[in-house]
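Visitor: Structure file target_21.txt (compact mmCIF, C-alpha atoms) is given on the next line.
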```txt
# COMPACT_ATOMS: atom_id res chain seq x y z
CA MET A 1 0.00 0.00 0.00
CA SER A 2 1.38 3.40 -0.90
CA GLU A 3 1.69 6.17 1.63
CA THR A 4 -1.03 8.31 0.06
CA SER A 5 -3.71 5.63 0.26
CA ASP A 6 -2.66 5.00 3.85
CA ASP A 7 -3.16 8.69 4.53
CA ARG A 8 -6.52 8.60 2.86
CA ALA A 9 -7.70 5.63 4.94
CA GLY A 10 -6.44 7.40 8.07
CA SER A 11 -8.23 10.63 7.24
CA SER A 12 -11.53 8.91 6.46
CA ARG A 13 -11.26 7.02 9.76
CA ARG A 14 -10.66 10.35 11.47
CA SER A 15 -13.69 11.85 9.69
CA LEU A 16 -15.86 8.94 10.77
CA TYR A 17 -14.66 9.36 14.36
CA TRP A 18 -15.64 13.04 14.48
CA PHE A 19 -18.91 12.39 12.65
CA LEU A 20 -19.82 9.84 15.33
CA ARG A 21 -18.72 12.27 18.04
CA GLY A 22 -21.15 14.80 16.52
CA ILE A 23 -23.97 12.24 16.59
CA ALA A 24 -23.17 11.39 20.23
CA THR A 25 -23.29 15.10 21.11
CA ALA A 26 -26.88 15.22 19.81
CA PHE A 27 -27.82 12.79 22.61
CA SER A 28 -26.56 15.12 25.34
CA VAL A 29 -28.70 16.92 27.91
CA PRO A 30 -29.43 19.94 25.64
CA GLY A 31 -30.52 17.45 22.95
CA LEU A 32 -32.93 15.79 25.38
CA ILE A 33 -34.33 19.17 26.43
CA LEU A 34 -34.92 20.04 22.79
CA SER A 35 -36.72 16.74 22.24
CA SER A 36 -39.04 17.41 25.15
CA ALA A 37 -39.78 20.82 23.64
CA PHE A 38 -40.62 19.00 20.37
CA ILE A 39 -42.97 16.70 22.30
CA GLY A 40 -44.82 19.88 23.27
CA PHE A 41 -44.74 21.04 19.66
CA GLY A 42 -46.12 17.70 18.47
CA GLY A 43 -49.02 18.11 20.89
CA LEU A 44 -49.67 21.63 19.59
CA ALA A 45 -49.56 20.50 15.96
CA LYS A 46 -51.96 17.64 16.57
CA GLU A 47 -54.34 19.88 18.48
CA SER A 48 -54.22 22.37 15.57
CA GLY A 49 -55.46 19.78 13.08
CA ILE A 50 -52.14 19.37 11.25
CA SER A 51 -51.67 15.83 9.89
CA LEU A 52 -48.81 13.58 11.03
CA LEU A 53 -47.05 13.79 7.67
CA GLN A 54 -47.42 17.58 7.51
CA ALA A 55 -46.05 18.00 11.05
CA VAL A 56 -43.01 15.78 10.37
CA PHE A 57 -42.44 17.62 7.07
CA MET A 58 -42.58 20.93 8.94
CA VAL A 59 -39.95 19.82 11.45
CA GLY A 60 -37.64 18.62 8.66
CA THR A 61 -37.96 21.66 6.40
CA VAL A 62 -38.38 24.57 8.84
CA TRP A 63 -36.50 23.05 11.78
CA ALA A 64 -36.24 26.10 14.11
CA LEU A 65 -38.85 25.62 16.84
CA PRO A 66 -40.05 29.25 17.18
CA ALA A 67 -40.51 29.43 13.39
CA ASN A 68 -42.57 26.23 13.51
CA VAL A 69 -44.71 27.61 16.34
CA VAL A 70 -45.26 30.86 14.41
CA LEU A 71 -46.17 28.90 11.26
CA ILE A 72 -48.75 26.80 13.14
CA GLY A 73 -50.14 29.93 14.77
CA ASN A 74 -50.68 31.48 11.34
CA ILE A 75 -52.22 28.30 9.94
CA VAL A 76 -54.70 28.14 12.82
CA ALA A 77 -55.51 31.85 12.48
CA GLY A 78 -56.32 31.23 8.79
CA ALA A 79 -53.60 33.60 7.58
CA SER A 80 -52.88 33.80 3.84
CA LEU A 81 -49.65 32.30 2.53
CA PRO A 82 -47.84 35.65 2.04
CA ALA A 83 -48.84 36.78 5.55
CA ALA A 84 -47.70 33.49 7.08
CA ALA A 85 -44.39 33.54 5.17
CA PHE A 86 -43.81 37.14 6.26
CA ALA A 87 -44.46 36.33 9.92
CA VAL A 88 -42.20 33.26 9.83
CA ALA A 89 -39.47 35.23 8.03
CA LEU A 90 -39.65 37.96 10.68
CA SER A 91 -39.32 35.43 13.49
CA SER A 92 -36.30 33.86 11.77
CA VAL A 93 -34.13 36.87 10.97
CA ARG A 94 -31.91 35.85 13.91
CA LEU A 95 -30.85 32.72 11.98
CA MET A 96 -28.75 34.86 9.65
CA PRO A 97 -26.43 36.35 12.29
CA MET A 98 -26.26 32.94 13.99
CA VAL A 99 -25.00 31.37 10.76
CA VAL A 100 -22.70 34.34 10.12
CA ALA A 101 -21.11 33.70 13.52
CA LEU A 102 -20.85 29.92 13.02
CA VAL A 103 -19.39 29.75 9.49
CA PRO A 104 -15.94 31.25 10.25
CA GLU A 105 -15.60 28.78 13.16
CA MET A 106 -15.89 25.69 10.99
CA ARG A 107 -14.61 26.73 7.58
CA THR A 108 -11.14 25.89 6.30
CA ALA A 109 -9.50 26.84 2.99
CA LYS A 110 -10.64 23.48 1.58
CA THR A 111 -14.30 23.64 2.64
CA ARG A 112 -16.69 23.63 -0.32
CA SER A 113 -19.51 26.15 -0.05
CA TRP A 114 -22.29 23.61 -0.79
CA VAL A 115 -21.25 21.80 2.39
CA LEU A 116 -21.80 25.00 4.37
CA TYR A 117 -25.20 25.60 2.75
CA LEU A 118 -26.24 22.03 3.57
CA LEU A 119 -25.08 22.36 7.17
CA SER A 120 -26.69 25.78 7.64
CA HIS A 121 -30.12 24.14 7.46
CA CYS A 122 -29.47 22.53 10.86
CA VAL A 123 -28.83 25.89 12.52
CA ALA A 124 -31.29 26.60 15.35
CA VAL A 125 -30.72 27.53 18.99
CA THR A 126 -29.72 24.09 20.34
CA SER A 127 -27.24 22.94 17.67
CA TRP A 128 -25.79 26.44 17.49
CA VAL A 129 -25.20 26.74 21.23
CA LEU A 130 -23.78 23.18 21.34
CA ALA A 131 -21.46 23.85 18.38
CA MET A 132 -20.15 27.17 19.70
CA GLU A 133 -19.45 25.43 23.02
CA ARG A 134 -17.88 22.17 21.73
CA PHE A 135 -15.91 23.48 18.72
CA LYS A 136 -13.00 24.35 21.03
CA ARG A 137 -12.36 20.62 21.44
CA VAL A 138 -12.82 19.71 17.74
CA PRO A 139 -9.93 20.16 15.26
CA GLN A 140 -10.71 22.97 12.80
CA ASP A 141 -10.73 20.67 9.72
CA MET A 142 -13.16 18.23 11.42
CA ARG A 143 -15.73 20.80 12.54
CA THR A 144 -17.94 20.57 9.44
CA VAL A 145 -18.02 16.77 9.81
CA PHE A 146 -18.75 17.09 13.53
CA TYR A 147 -21.53 19.64 12.97
CA GLY A 148 -23.01 17.51 10.19
CA GLY A 149 -23.34 14.59 12.60
CA LEU A 150 -24.70 16.77 15.39
CA GLY A 151 -27.09 18.97 13.41
CA TRP A 152 -28.63 16.37 11.12
CA THR A 153 -29.05 13.86 13.95
CA LEU A 154 -31.03 16.46 15.91
CA VAL A 155 -33.26 17.12 12.89
CA VAL A 156 -33.94 13.44 12.14
CA VAL A 157 -34.43 12.40 15.79
CA ASN A 158 -36.96 15.16 16.41
CA MET A 159 -38.88 14.33 13.21
CA GLY A 160 -39.23 10.90 14.83
CA VAL A 161 -40.17 12.41 18.19
CA VAL A 162 -43.04 14.36 16.64
CA ALA A 163 -44.24 11.24 14.80
CA VAL A 164 -44.29 9.28 18.07
CA VAL A 165 -46.20 12.08 19.83
CA TYR A 166 -48.95 11.77 17.21
CA ALA A 167 -49.34 8.13 18.18
CA VAL A 168 -49.66 8.80 21.93
CA ALA A 169 -50.54 12.52 22.39
CA ASP A 170 -54.14 11.92 23.49
CA GLU A 171 -52.84 10.15 26.54
CA LEU A 172 -50.74 13.07 27.85
CA PRO A 173 -52.10 14.31 31.21
CA PRO A 174 -52.79 18.10 31.18
CA ALA A 175 -50.16 18.83 33.86
CA VAL A 176 -47.50 17.10 31.71
CA ALA A 177 -48.61 18.83 28.52
CA ALA A 178 -48.48 22.25 30.25
CA ALA A 179 -44.94 21.53 31.49
CA LEU A 180 -43.80 20.56 27.98
CA PHE A 181 -45.03 23.90 26.63
CA LEU A 182 -43.08 25.79 29.29
CA ILE A 183 -39.84 23.95 28.46
CA THR A 184 -39.31 25.85 25.18
CA PRO A 185 -39.35 29.38 26.61
CA ILE A 186 -37.40 28.58 29.79
CA TYR A 187 -34.80 26.58 27.85
CA PHE A 188 -34.40 29.32 25.22
CA LEU A 189 -34.12 31.95 27.95
CA LEU A 190 -31.39 30.12 29.87
CA SER A 191 -29.34 28.87 26.91
CA LEU A 192 -29.49 32.23 25.15
CA TRP A 193 -28.49 34.05 28.33
CA GLY A 194 -25.60 31.65 28.87
CA SER A 195 -24.28 31.84 25.31
CA ALA A 196 -24.31 35.65 25.03
CA ARG A 197 -21.05 37.00 23.64
CA GLU A 198 -21.31 40.49 25.09
CA ARG A 199 -23.16 42.30 27.87
CA ALA A 200 -25.25 44.12 25.26
CA SER A 201 -26.94 40.79 24.40
CA HIS A 202 -28.35 40.67 27.92
CA VAL A 203 -29.73 44.19 27.50
CA ALA A 204 -31.29 43.07 24.20
CA MET A 205 -32.89 40.08 25.95
CA VAL A 206 -34.39 42.08 28.80
CA VAL A 207 -35.87 44.71 26.46
CA GLY A 208 -37.04 42.13 23.90
CA ILE A 209 -38.74 39.83 26.40
CA ALA A 210 -40.77 42.73 27.82
CA LEU A 211 -41.51 44.46 24.50
CA GLY A 212 -42.65 41.31 22.65
CA PRO A 213 -45.89 40.73 24.58
CA LEU A 214 -46.59 44.48 24.96
CA LEU A 215 -46.30 45.10 21.22
CA HIS A 216 -48.31 41.94 20.55
CA LEU A 217 -51.28 43.78 22.07
CA VAL A 218 -50.59 47.05 20.23
CA VAL A 219 -49.33 45.97 16.79
CA PRO A 220 -50.04 42.24 16.37
CA GLY A 221 -48.10 40.80 13.44
CA PHE A 222 -45.27 43.30 13.71
CA ASP A 223 -44.58 42.72 17.40
CA LEU A 224 -41.47 40.58 16.87
CA LEU A 225 -39.90 42.81 14.24
CA ILE A 226 -40.40 46.03 16.20
CA ALA A 227 -39.32 44.42 19.48
CA GLY A 228 -36.20 43.12 17.72
CA LEU A 229 -35.27 46.45 16.14
CA VAL A 230 -36.00 48.54 19.25
CA GLY A 231 -34.45 46.06 21.70
CA GLY A 232 -31.46 45.47 19.44
CA GLY A 233 -31.03 49.21 18.85
CA ILE A 234 -31.07 50.01 22.58
CA ALA A 235 -28.62 47.17 23.26
CA TYR A 236 -26.30 48.39 20.49
CA LEU A 237 -26.33 51.95 21.90
CA PHE A 238 -25.45 50.41 25.27
CA HIS A 239 -22.57 48.56 23.60
CA ARG A 240 -21.25 51.74 21.94
CA LYS A 241 -21.46 53.66 25.19
CA GLN A 242 -19.64 50.87 27.02
CA GLN A 243 -16.88 50.84 24.39
CA ALA A 244 -16.54 54.61 24.49
CA ARG A 245 -16.13 54.38 28.25
CA ALA A 246 -13.55 51.62 27.88
CA THR A 247 -11.42 53.59 25.43
CA ALA A 248 -11.83 56.94 27.25
CA MET B 1 -54.64 31.34 -0.12
CA THR B 2 -54.88 30.01 3.42
CA PHE B 3 -53.68 26.58 4.60
CA GLN B 4 -57.22 25.24 4.31
CA SER B 5 -58.25 27.01 1.09
CA ILE B 6 -57.17 24.49 -1.59
CA ASP B 7 -58.54 21.02 -1.10
CA SER B 8 -55.74 18.82 -2.40
CA TRP B 9 -53.04 16.71 -0.79
CA TRP B 10 -50.13 18.81 -2.05
CA TRP B 11 -51.33 22.28 -1.06
CA PRO B 12 -50.48 22.05 2.69
CA PHE B 13 -46.98 20.86 1.77
CA LEU B 14 -46.49 23.72 -0.68
CA PHE B 15 -47.78 26.09 2.01
CA ILE B 16 -45.21 24.71 4.48
CA LEU B 17 -42.43 24.89 1.87
CA VAL B 18 -43.06 28.54 0.97
CA GLY B 19 -44.34 29.80 4.32
CA GLY B 20 -41.90 27.78 6.41
CA TRP B 21 -38.88 26.41 4.62
CA LEU B 22 -38.26 29.33 2.24
CA ALA B 23 -38.94 31.86 5.01
CA THR B 24 -36.29 30.30 7.28
CA ASP B 25 -33.60 28.83 5.01
CA THR B 26 -33.31 32.09 3.05
CA TRP B 27 -31.87 33.64 6.23
CA ARG B 28 -29.58 30.67 6.84
CA PHE B 29 -28.27 30.75 3.26
CA LEU B 30 -27.73 34.51 3.45
CA GLY B 31 -25.83 33.80 6.67
CA VAL B 32 -23.47 31.43 4.83
CA TYR B 33 -23.03 34.04 2.10
CA PHE B 34 -22.25 36.87 4.52
CA GLY B 35 -20.38 34.61 6.93
CA GLY B 36 -17.35 34.72 4.70
CA ARG B 37 -17.50 38.48 4.35
CA ILE B 38 -18.23 40.01 7.76
CA SER B 39 -15.45 40.16 10.31
CA ASP B 40 -16.42 38.51 13.58
CA GLU B 41 -15.16 41.57 15.44
CA SER B 42 -16.97 44.17 13.35
CA ASP B 43 -19.43 46.54 14.99
CA ALA B 44 -22.09 45.77 12.37
CA LEU B 45 -22.09 42.16 13.55
CA VAL B 46 -22.66 43.29 17.15
CA LEU B 47 -25.72 45.26 15.98
CA VAL B 48 -27.02 42.27 13.99
CA ARG B 49 -26.45 39.99 16.98
CA CYS B 50 -28.27 42.42 19.32
CA VAL B 51 -31.30 42.62 17.01
CA ALA B 52 -31.32 38.83 16.61
CA THR B 53 -31.14 38.33 20.37
CA ALA B 54 -33.95 40.80 21.03
CA LEU B 55 -36.05 39.00 18.38
CA VAL B 56 -35.63 35.62 20.07
CA ALA B 57 -36.30 37.24 23.45
CA SER B 58 -39.59 38.64 22.19
CA VAL B 59 -40.52 35.14 20.98
CA ILE B 60 -39.80 33.87 24.51
CA GLY B 61 -41.96 36.63 26.02
CA ASN B 62 -44.85 35.82 23.71
CA LEU B 63 -44.62 32.07 24.43
CA VAL B 64 -45.06 32.82 28.13
CA VAL B 65 -47.64 35.61 28.03
CA PHE B 66 -49.69 34.21 25.11
CA PRO B 67 -49.05 30.46 25.39
CA SER B 68 -50.48 27.69 23.26
CA GLY B 69 -51.88 24.28 24.10
CA GLU B 70 -52.41 23.13 27.67
CA LEU B 71 -50.22 25.90 29.08
CA ALA B 72 -52.93 28.40 28.09
CA ASN B 73 -55.11 26.96 30.88
CA THR B 74 -52.71 28.16 33.58
CA SER B 75 -52.68 31.71 34.99
CA LEU B 76 -50.27 34.35 33.70
CA ILE B 77 -48.99 35.01 37.24
CA LEU B 78 -48.10 31.33 37.68
CA ARG B 79 -46.23 31.22 34.38
CA LEU B 80 -44.29 34.40 35.19
CA VAL B 81 -43.41 33.15 38.68
CA ALA B 82 -42.29 29.78 37.24
CA MET B 83 -40.06 31.48 34.62
CA ALA B 84 -38.62 33.93 37.19
CA SER B 85 -37.86 31.11 39.66
CA GLY B 86 -36.11 29.07 36.97
CA PHE B 87 -34.09 32.08 35.85
CA ALA B 88 -33.16 32.98 39.45
CA ALA B 89 -32.06 29.38 40.14
CA PHE B 90 -29.98 29.44 36.95
CA LEU B 91 -28.22 32.70 37.87
CA GLY B 92 -27.86 31.95 41.59
CA LEU B 93 -26.81 28.31 41.54
CA GLY B 94 -23.96 28.11 39.07
CA ARG B 95 -25.66 28.62 35.70
CA HIS B 96 -26.92 25.08 35.23
CA VAL B 97 -29.53 25.09 32.45
CA VAL B 98 -31.07 21.77 33.56
CA LEU B 99 -31.41 22.97 37.15
CA GLY B 100 -33.13 26.17 36.01
CA ILE B 101 -35.58 24.23 33.85
CA ALA B 102 -36.29 21.76 36.70
CA VAL B 103 -37.08 24.62 39.09
CA ALA B 104 -39.36 26.35 36.57
CA ILE B 105 -41.26 23.13 35.83
CA GLY B 106 -41.42 22.27 39.55
CA VAL B 107 -42.97 25.65 40.40
CA LEU B 108 -45.44 25.29 37.52
CA GLU B 109 -46.52 21.81 38.65
CA VAL B 110 -46.95 22.88 42.29
CA GLY B 111 -48.98 25.85 41.07
CA ILE B 112 -51.21 23.66 38.90
CA PHE B 113 -51.64 21.23 41.80
CA LEU B 114 -52.66 24.06 44.13
CA GLY B 115 -55.12 25.34 41.52
CA PHE B 116 -53.47 28.64 40.48
```
Would you give me this structure, written as structure tokens?

Guide:
Amino acid sequence: MSETSDDRAGSSRRSLYWFLRGIATAFSVPGLILSSAFIGFGGLAKESGISLLQAVFMVGTVWALPANVVLIGNIVAGASLPAAAFAVALSSVRLMPMVVALVPEMRTAKTRSWVLYLLSHCVAVTSWVLAMERFKRVPQDMRTVFYGGLGWTLVVVNMGVVAVVYAVADELPPAVAAALFLITPIYFLLSLWGSARERASHVAMVVGIALGPLLHLVVPGFDLLIAGLVGGGIAYLFHRKQQARATA
Amino acid sequence: MTFQSIDSWWWPFLFILVGGWLATDTWRFLGVYFGGRISDESDALVLVRCVATALVASVIGNLVVFPSGELANTSLILRLVAMASGFAAFLGLGRHVVLGIAVAIGVLEVGIFLGF
């Protein structure tokens, strides 16, 4: 055997190792929390008259949980397709900066861009927080492989979770169902707070969490967008002021 | 053009594709595109990150104040107290996400049991 084919076998073994490590990471505590949130989502979808196949399709194509919840809300409200798409798009603007932050962490000179586009579909709060946290321990050239294992496992497992919920959801006691619906917001709150890069993100969270429901009463439909722009703007001004103080 | 308006098997799936998939993956794909062009240290990225964070936070607020499913049958006060307790436990006891969630759920269940 020549040296190059030896190298190739070694590097594919290494890729397989990190791919499996990514899959294993999907079965960590944050992964389990996400699955319980998807149990709650499955209950909501079933209650809303969405079919099993449609719900599983939704999880696979939309993936981000808040976007799925917004989509179901619009379906139930009888919103038109453009209105629903607009609302979902507004609730998902955050995915862009999340991906922008993730891409430089896992790209190397050799990474093909279609790989990044394929991986970006898995970006949502859980896989993003997990990746940003675990990448430190993954070699730079293995991070796309690792994230592929992690992200796509989360997607596929939770498609299965929602399918199982459809089979048993009628038997969920009300106290359990209520708890499952609270898991999403409390989990998002804590993981987002913990993964904040700068103090300004905390300001953005405090303003956004209060403004969202208030604006929902005043300007339903545009509540998220306005809360995001106002909260983000205030937080950014805070950041600038903090920096000015640091350099002064 | 609502989800229910066209009575055929494919319409709901098209609705989900355009209203859900296109509306989310467009942002992700734009993120890949810009990811190679924005410096991670740039001030513009801080602004984008702040707006994104405030957006998610407002989703969290709405999920608690205007909940769906079985959670809608609990009182607003109970939900707020449960969230605040979970958050306080998270901040006060070493930033353990699981612990914070357990406290929030525990408070919610006690509240439901006591009829709040």

Visitor: Measure the distance from atom CA of Leu65 of chain A to atom CA of Val123 of chain A in Å and round it to one decimal.

Guide: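 These atoms are spaced 10.9 Å apart.
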
Visitor: What does the distance from atom CA of Ala104 of chain B to atom CA of Gly86 of chain B come to in Å, to one decimal?

Guide: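 Computing it gives 4.3 Å between the two atoms.
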
Visitor: Set the distance at 8 Å and use all atoms listed in the file: which residues neighbour Ala54 of chain B once local chain neighbours fewer than 6 positions away are removed? I'd like the list as a PyMOL selection string.

Guide: chain A and resi 201+204-209+227-229+231-232

Visitor: Please provide the set of residues having any atom within 9 Å of Phe27 of chain A, restricted to all atoms listed in the file, with same-chain residues fewer than 4 positions apart removed, written as a list in words.

Guide: Ile23, Gly31, Leu32, Leu150, Thr153 and Leu154 of chain A

Visitor: Return the neighbours of chain A among the residues of chain B, cut-off 7 Å, counting all atoms listed in the file, as a PyMOL selection string.

Guide: chain B and resi 1-3+13+15-16+18-21+23-25+27-32+34-36+40+47-55+57-65+69-71+83+87+97+101+105+109

Visitor: Just need the box for segment 49-53 of chain A, edges along x, y and z, holding every atom the file lists for it with 5 Å tacked onto each side, so centre and edge lengths in Å to one decimal, as JSON.

Guide:
```
{"center_x": -51.3, "center_y": 16.7, "center_z": 10.4, "size_x": 18.4, "size_y": 16.2, "size_z": 15.4}
```

Visitor: Check the smallest atom-to-atom distance from each of B:Pro12, B:Ile6, B:Ser85, B:Val46 to Leu99 of chain B using all atoms listed in the file, then report the winner.

Guide: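 Among the listed residues, the smallest separation from Leu99 of chain B belongs to B:Ser85.
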
Visitor: May I ask which of the residues B:Leu14, B:Val56, B:Trp9, B:Phe116 is the closest one to Val81 of chain B, counting only C-alpha atoms?

Guide: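 Among the listed residues, B:Phe116 lies closest to Val81 of chain B.
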
Visitor: Determine the nearest neighbour of Gly22 of chain A from the options A:Leu217, A:Leu130, A:Val156, A:Val168, counting all atoms listed in the file.

Guide: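 Comparing A:Leu217, A:Leu130, A:Val156, A:Val168 against Gly22 of chain A, the winner is A:Leu130.
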
Visitor: So what do you get for atom CA of Val56 of chain A versus atom CA of Leu17 of chain B, distance-wise?

Guide: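 Interatomic distance here is 12.5 Å.
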